[in-house]
Amino acid sequence: MILVDSSVWIDYFNGARTPQTDKLDTLLSLESLVIGDLILTEVLQGFGNDSDFVHAKSLLTSLVIVELGGLKIAVQAAANFRLLRKRGITVRKTIDMIIATFCIESGLQLLHQDRDFDGCARYLGLQTVACE
C-alpha cells in the first residue's frame, strides 16, 4: 500500500503536472491508496471554494484513512529526528517526521515531492515510490 503526502495531493488538486501527480493519477485506478488523518487536514484546509472542498473530501475520504500519531510513533519520530540531526539533516516540519516514521513502522511506501523525506529514505529506510 502507498501513502500519498499532501505535497502531491495539493499539486494534484491544483492541476499541476509533475512526475508525482502523473504517478498518483495512474495509482488512483490501480492501487489501494492510504491517506493520513493529518494529511487529510492539510489538504482540505487549503480549499477556498466550497464545491472544490466537497469534491476533494469525497475523493479523499474514499481512501483508506489512518491515524498517523500515537505514543509509539511520537517517540520513534523524535528518535528518528535526532538520528538525522546527528547526521547533519534537519527535517523542517514535525508532521513530515511523523509521516515518515509511520510509513517506516507500517511498511508503507510514500509518494511525495518534499525534500524533508530524502534523509528519511537515505538513513532510516523509508520506502518511496519511484516516479519517472
# chains A, B, ... in the order shown; residues from 1 in each chain; ligands from 1
>>> select_by_dssp(residues="segment 1-79 of chain A", states="strand (DSSP E or B)", output="PyMOL selection string")
chain A and resi 2-4+33-36+64-66
>>> write_last_selection(atoms="all heavy atoms", output="compact mmCIF listing (two decimals), in the first residue's frame")
# COMPACT_ATOMS: atom_id res chain seq x y z
N ILE A 2 0.32 2.30 -0.53
CA ILE A 2 1.06 3.55 -0.70
C ILE A 2 0.32 4.69 0.00
O ILE A 2 -0.87 4.88 -0.20
CB ILE A 2 1.21 3.88 -2.20
CG1 ILE A 2 2.03 2.78 -2.89
CG2 ILE A 2 1.85 5.26 -2.40
CD1 ILE A 2 2.05 2.90 -4.40
N LEU A 3 1.07 5.41 0.84
CA LEU A 3 0.54 6.61 1.47
C LEU A 3 0.96 7.80 0.61
O LEU A 3 2.11 7.89 0.19
CB LEU A 3 1.09 6.75 2.88
CG LEU A 3 0.47 7.86 3.72
CD1 LEU A 3 0.22 7.37 5.14
CD2 LEU A 3 1.32 9.08 3.74
N VAL A 4 0.03 8.68 0.32
CA VAL A 4 0.30 9.85 -0.52
C VAL A 4 0.36 11.09 0.36
O VAL A 4 -0.56 11.38 1.12
CB VAL A 4 -0.78 10.01 -1.62
CG1 VAL A 4 -0.47 11.21 -2.50
CG2 VAL A 4 -0.88 8.74 -2.46
N LEU A 33 -4.80 3.15 -2.08
CA LEU A 33 -4.02 4.25 -1.53
C LEU A 33 -4.46 4.57 -0.11
O LEU A 33 -5.60 4.35 0.27
CB LEU A 33 -4.16 5.49 -2.41
CG LEU A 33 -3.67 5.34 -3.84
CD1 LEU A 33 -3.89 6.64 -4.61
CD2 LEU A 33 -2.20 4.94 -3.88
N VAL A 34 -3.51 5.12 0.64
CA VAL A 34 -3.73 5.46 2.04
C VAL A 34 -3.51 6.95 2.20
O VAL A 34 -2.63 7.54 1.57
CB VAL A 34 -2.73 4.68 2.94
CG1 VAL A 34 -2.86 5.08 4.39
CG2 VAL A 34 -2.90 3.18 2.76
N ILE A 35 -4.34 7.56 3.06
CA ILE A 35 -4.12 8.95 3.44
C ILE A 35 -4.16 9.03 4.95
O ILE A 35 -4.97 8.37 5.60
CB ILE A 35 -5.14 9.91 2.79
CG1 ILE A 35 -4.76 11.38 3.06
CG2 ILE A 35 -6.55 9.60 3.22
CD1 ILE A 35 -5.49 12.37 2.19
N GLY A 36 -3.25 9.82 5.50
CA GLY A 36 -3.22 10.01 6.94
C GLY A 36 -4.19 11.10 7.36
O GLY A 36 -4.48 12.03 6.59
N VAL A 64 -8.31 4.64 2.11
CA VAL A 64 -8.04 4.11 3.45
C VAL A 64 -7.45 5.26 4.27
O VAL A 64 -6.45 5.86 3.88
CB VAL A 64 -7.05 2.93 3.39
CG1 VAL A 64 -6.69 2.46 4.78
CG2 VAL A 64 -7.62 1.80 2.56
N ILE A 65 -8.08 5.58 5.41
CA ILE A 65 -7.62 6.67 6.26
C ILE A 65 -7.00 6.08 7.52
O ILE A 65 -7.61 5.22 8.17
CB ILE A 65 -8.77 7.63 6.62
CG1 ILE A 65 -9.37 8.22 5.35
CG2 ILE A 65 -8.27 8.73 7.56
CD1 ILE A 65 -10.62 9.04 5.57
N VAL A 66 -5.78 6.53 7.83
CA VAL A 66 -5.08 6.03 9.01
C VAL A 66 -4.76 7.17 9.96
O VAL A 66 -4.57 8.31 9.54
CB VAL A 66 -3.77 5.29 8.63
CG1 VAL A 66 -4.06 4.04 7.84
CG2 VAL A 66 -2.82 6.21 7.85
>>> residues_around(residues="Leu68 of chain A", least_positions_apart="6", cutoff="10 Å", atoms="only C-alpha atoms", output="PyMOL selection string")
chain A and resi 35-39+74+95+98-103
>>> residues_around(residues="His112 of chain A", least_positions_apart="4", cutoff="7 Å", atoms="only C-alpha atoms", output="PyMOL selection string")
chain A and resi 4-5+7-8+20
>>> residues_around(residues="segment 117-119 of chain A", least_positions_apart="3", cutoff="9 Å", atoms="only C-alpha atoms", output="compact mmCIF listing (two decimals) with C-alpha atoms, in the first residue's frame")
# COMPACT_ATOMS: atom_id res chain seq x y z
CA LEU A 84 19.02 12.57 11.28
CA ILE A 89 20.00 16.70 8.40
CA THR A 90 17.21 18.77 9.92
CA VAL A 91 13.67 17.88 8.89
CA ASP A 96 6.84 15.10 7.93
CA MET A 97 8.83 13.25 10.56
CA ALA A 100 7.92 9.16 7.53
CA HIS A 112 5.84 12.61 -2.07
CA GLN A 113 7.63 15.59 -3.53
CA ASP A 114 9.09 17.10 -0.38
CA ARG A 122 18.57 7.53 2.84
CA TYR A 123 19.21 6.86 6.53
CA LEU A 124 16.03 5.43 8.04
CA LEU A 126 11.74 4.97 4.26
CA THR A 128 9.40 5.89 -1.53
>>> select_by_dssp(residues="chain A", states="alpha helix (DSSP H)", output="MDAnalysis selection string")
chainID A and resid 6:13 19:30 37:44 50:60 71:86 94:106 118:124
>>> write_last_selection(atoms="C-alpha atoms", output="PDB file, in the first residue's frame")
ATOM      1  CA  SER A   6      -0.044  16.390   0.986  1.00  0.00           C
ATOM      2  CA  SER A   7       2.762  17.723  -1.237  1.00  0.00           C
ATOM      3  CA  VAL A   8       1.399  15.531  -4.042  1.00  0.00           C
ATOM      4  CA  TRP A   9      -2.316  15.953  -3.290  1.00  0.00           C
ATOM      5  CA  ILE A  10      -2.068  19.748  -3.272  1.00  0.00           C
ATOM      6  CA  ASP A  11      -0.400  19.815  -6.684  1.00  0.00           C
ATOM      7  CA  TYR A  12      -2.877  17.218  -7.946  1.00  0.00           C
ATOM      8  CA  PHE A  13      -5.918  19.285  -6.945  1.00  0.00           C
ATOM      9  CA  PRO A  19       6.011  13.147 -12.183  1.00  0.00           C
ATOM     10  CA  GLN A  20       4.368  12.617  -8.791  1.00  0.00           C
ATOM     11  CA  THR A  21       0.897  13.818  -9.833  1.00  0.00           C
ATOM     12  CA  ASP A  22       1.120  11.725 -13.002  1.00  0.00           C
ATOM     13  CA  LYS A  23       2.021   8.718 -10.836  1.00  0.00           C
ATOM     14  CA  LEU A  24      -0.889   9.491  -8.480  1.00  0.00           C
ATOM     15  CA  ASP A  25      -3.271   9.706 -11.426  1.00  0.00           C
ATOM     16  CA  THR A  26      -2.167   6.219 -12.503  1.00  0.00           C
ATOM     17  CA  LEU A  27      -2.260   4.779  -8.974  1.00  0.00           C
ATOM     18  CA  LEU A  28      -5.788   6.011  -8.285  1.00  0.00           C
ATOM     19  CA  SER A  29      -7.143   3.366 -10.663  1.00  0.00           C
ATOM     20  CA  LEU A  30      -4.669   0.585  -9.838  1.00  0.00           C
ATOM     21  CA  ASP A  37      -5.639  11.979   9.079  1.00  0.00           C
ATOM     22  CA  LEU A  38      -3.176  14.870   9.386  1.00  0.00           C
ATOM     23  CA  ILE A  39      -2.565  14.857   5.625  1.00  0.00           C
ATOM     24  CA  LEU A  40      -6.321  14.974   5.076  1.00  0.00           C
ATOM     25  CA  THR A  41      -6.458  18.090   7.254  1.00  0.00           C
ATOM     26  CA  GLU A  42      -3.534  19.736   5.449  1.00  0.00           C
ATOM     27  CA  VAL A  43      -5.104  19.187   2.046  1.00  0.00           C
ATOM     28  CA  LEU A  44      -8.717  20.064   2.863  1.00  0.00           C
ATOM     29  CA  ASP A  50     -16.960  25.103  -1.040  1.00  0.00           C
ATOM     30  CA  SER A  51     -17.706  22.864  -4.035  1.00  0.00           C
ATOM     31  CA  ASP A  52     -13.997  22.063  -4.502  1.00  0.00           C
ATOM     32  CA  PHE A  53     -13.789  21.239  -0.785  1.00  0.00           C
ATOM     33  CA  VAL A  54     -16.779  18.874  -1.045  1.00  0.00           C
ATOM     34  CA  HIS A  55     -15.376  17.171  -4.160  1.00  0.00           C
ATOM     35  CA  ALA A  56     -11.929  16.703  -2.614  1.00  0.00           C
ATOM     36  CA  LYS A  57     -13.415  15.493   0.681  1.00  0.00           C
ATOM     37  CA  SER A  58     -15.457  12.894  -1.211  1.00  0.00           C
ATOM     38  CA  LEU A  59     -12.411  11.603  -3.084  1.00  0.00           C
ATOM     39  CA  LEU A  60     -10.046  11.627  -0.124  1.00  0.00           C
ATOM     40  CA  LEU A  71       2.630   7.320  21.628  1.00  0.00           C
ATOM     41  CA  LYS A  72       4.782   4.778  19.759  1.00  0.00           C
ATOM     42  CA  ILE A  73       5.008   6.887  16.589  1.00  0.00           C
ATOM     43  CA  ALA A  74       5.584  10.115  18.556  1.00  0.00           C
ATOM     44  CA  VAL A  75       8.538   8.676  20.465  1.00  0.00           C
ATOM     45  CA  GLN A  76      10.022   6.955  17.397  1.00  0.00           C
ATOM     46  CA  ALA A  77       9.607  10.119  15.271  1.00  0.00           C
ATOM     47  CA  ALA A  78      11.586  12.073  17.882  1.00  0.00           C
ATOM     48  CA  ALA A  79      14.295   9.399  17.901  1.00  0.00           C
ATOM     49  CA  ASN A  80      14.405   9.439  14.084  1.00  0.00           C
ATOM     50  CA  PHE A  81      14.629  13.252  14.057  1.00  0.00           C
ATOM     51  CA  ARG A  82      17.551  13.115  16.491  1.00  0.00           C
ATOM     52  CA  LEU A  83      19.325  10.456  14.422  1.00  0.00           C
ATOM     53  CA  LEU A  84      19.024  12.567  11.277  1.00  0.00           C
ATOM     54  CA  ARG A  85      20.136  15.715  13.094  1.00  0.00           C
ATOM     55  CA  LYS A  86      23.288  13.892  14.235  1.00  0.00           C
ATOM     56  CA  THR A  94       7.420  17.771  12.550  1.00  0.00           C
ATOM     57  CA  ILE A  95       4.458  16.381  10.622  1.00  0.00           C
ATOM     58  CA  ASP A  96       6.839  15.098   7.926  1.00  0.00           C
ATOM     59  CA  MET A  97       8.835  13.249  10.565  1.00  0.00           C
ATOM     60  CA  ILE A  98       5.604  11.691  11.867  1.00  0.00           C
ATOM     61  CA  ILE A  99       4.532  10.688   8.337  1.00  0.00           C
ATOM     62  CA  ALA A 100       7.916   9.160   7.534  1.00  0.00           C
ATOM     63  CA  THR A 101       8.053   7.276  10.819  1.00  0.00           C
ATOM     64  CA  PHE A 102       4.505   5.975  10.379  1.00  0.00           C
ATOM     65  CA  CYS A 103       5.367   4.677   6.898  1.00  0.00           C
ATOM     66  CA  ILE A 104       8.577   3.028   8.123  1.00  0.00           C
ATOM     67  CA  GLU A 105       6.860   1.367  11.076  1.00  0.00           C
ATOM     68  CA  SER A 106       3.850   0.274   8.976  1.00  0.00           C
ATOM     69  CA  ASP A 118      15.038  12.421   1.405  1.00  0.00           C
ATOM     70  CA  GLY A 119      17.098  11.916   4.567  1.00  0.00           C
ATOM     71  CA  CYS A 120      14.466   9.532   5.908  1.00  0.00           C
ATOM     72  CA  ALA A 121      14.787   7.414   2.785  1.00  0.00           C
ATOM     73  CA  ARG A 122      18.574   7.532   2.841  1.00  0.00           C
ATOM     74  CA  TYR A 123      19.213   6.863   6.526  1.00  0.00           C
ATOM     75  CA  LEU A 124      16.032   5.427   8.043  1.00  0.00           C
TER      76      LEU A 124
END
>>> closest_residue(among="A:Glu31, A:Ala130, A:Gly48, A:Arg17", to="Leu63 of chain A", atoms="only C-alpha atoms")
A:Glu31
>>> atom_distance(atom1="atom CA of Gly88 of chain A", atom2="atom CA of Asp116 of chain A")
12.7 Å
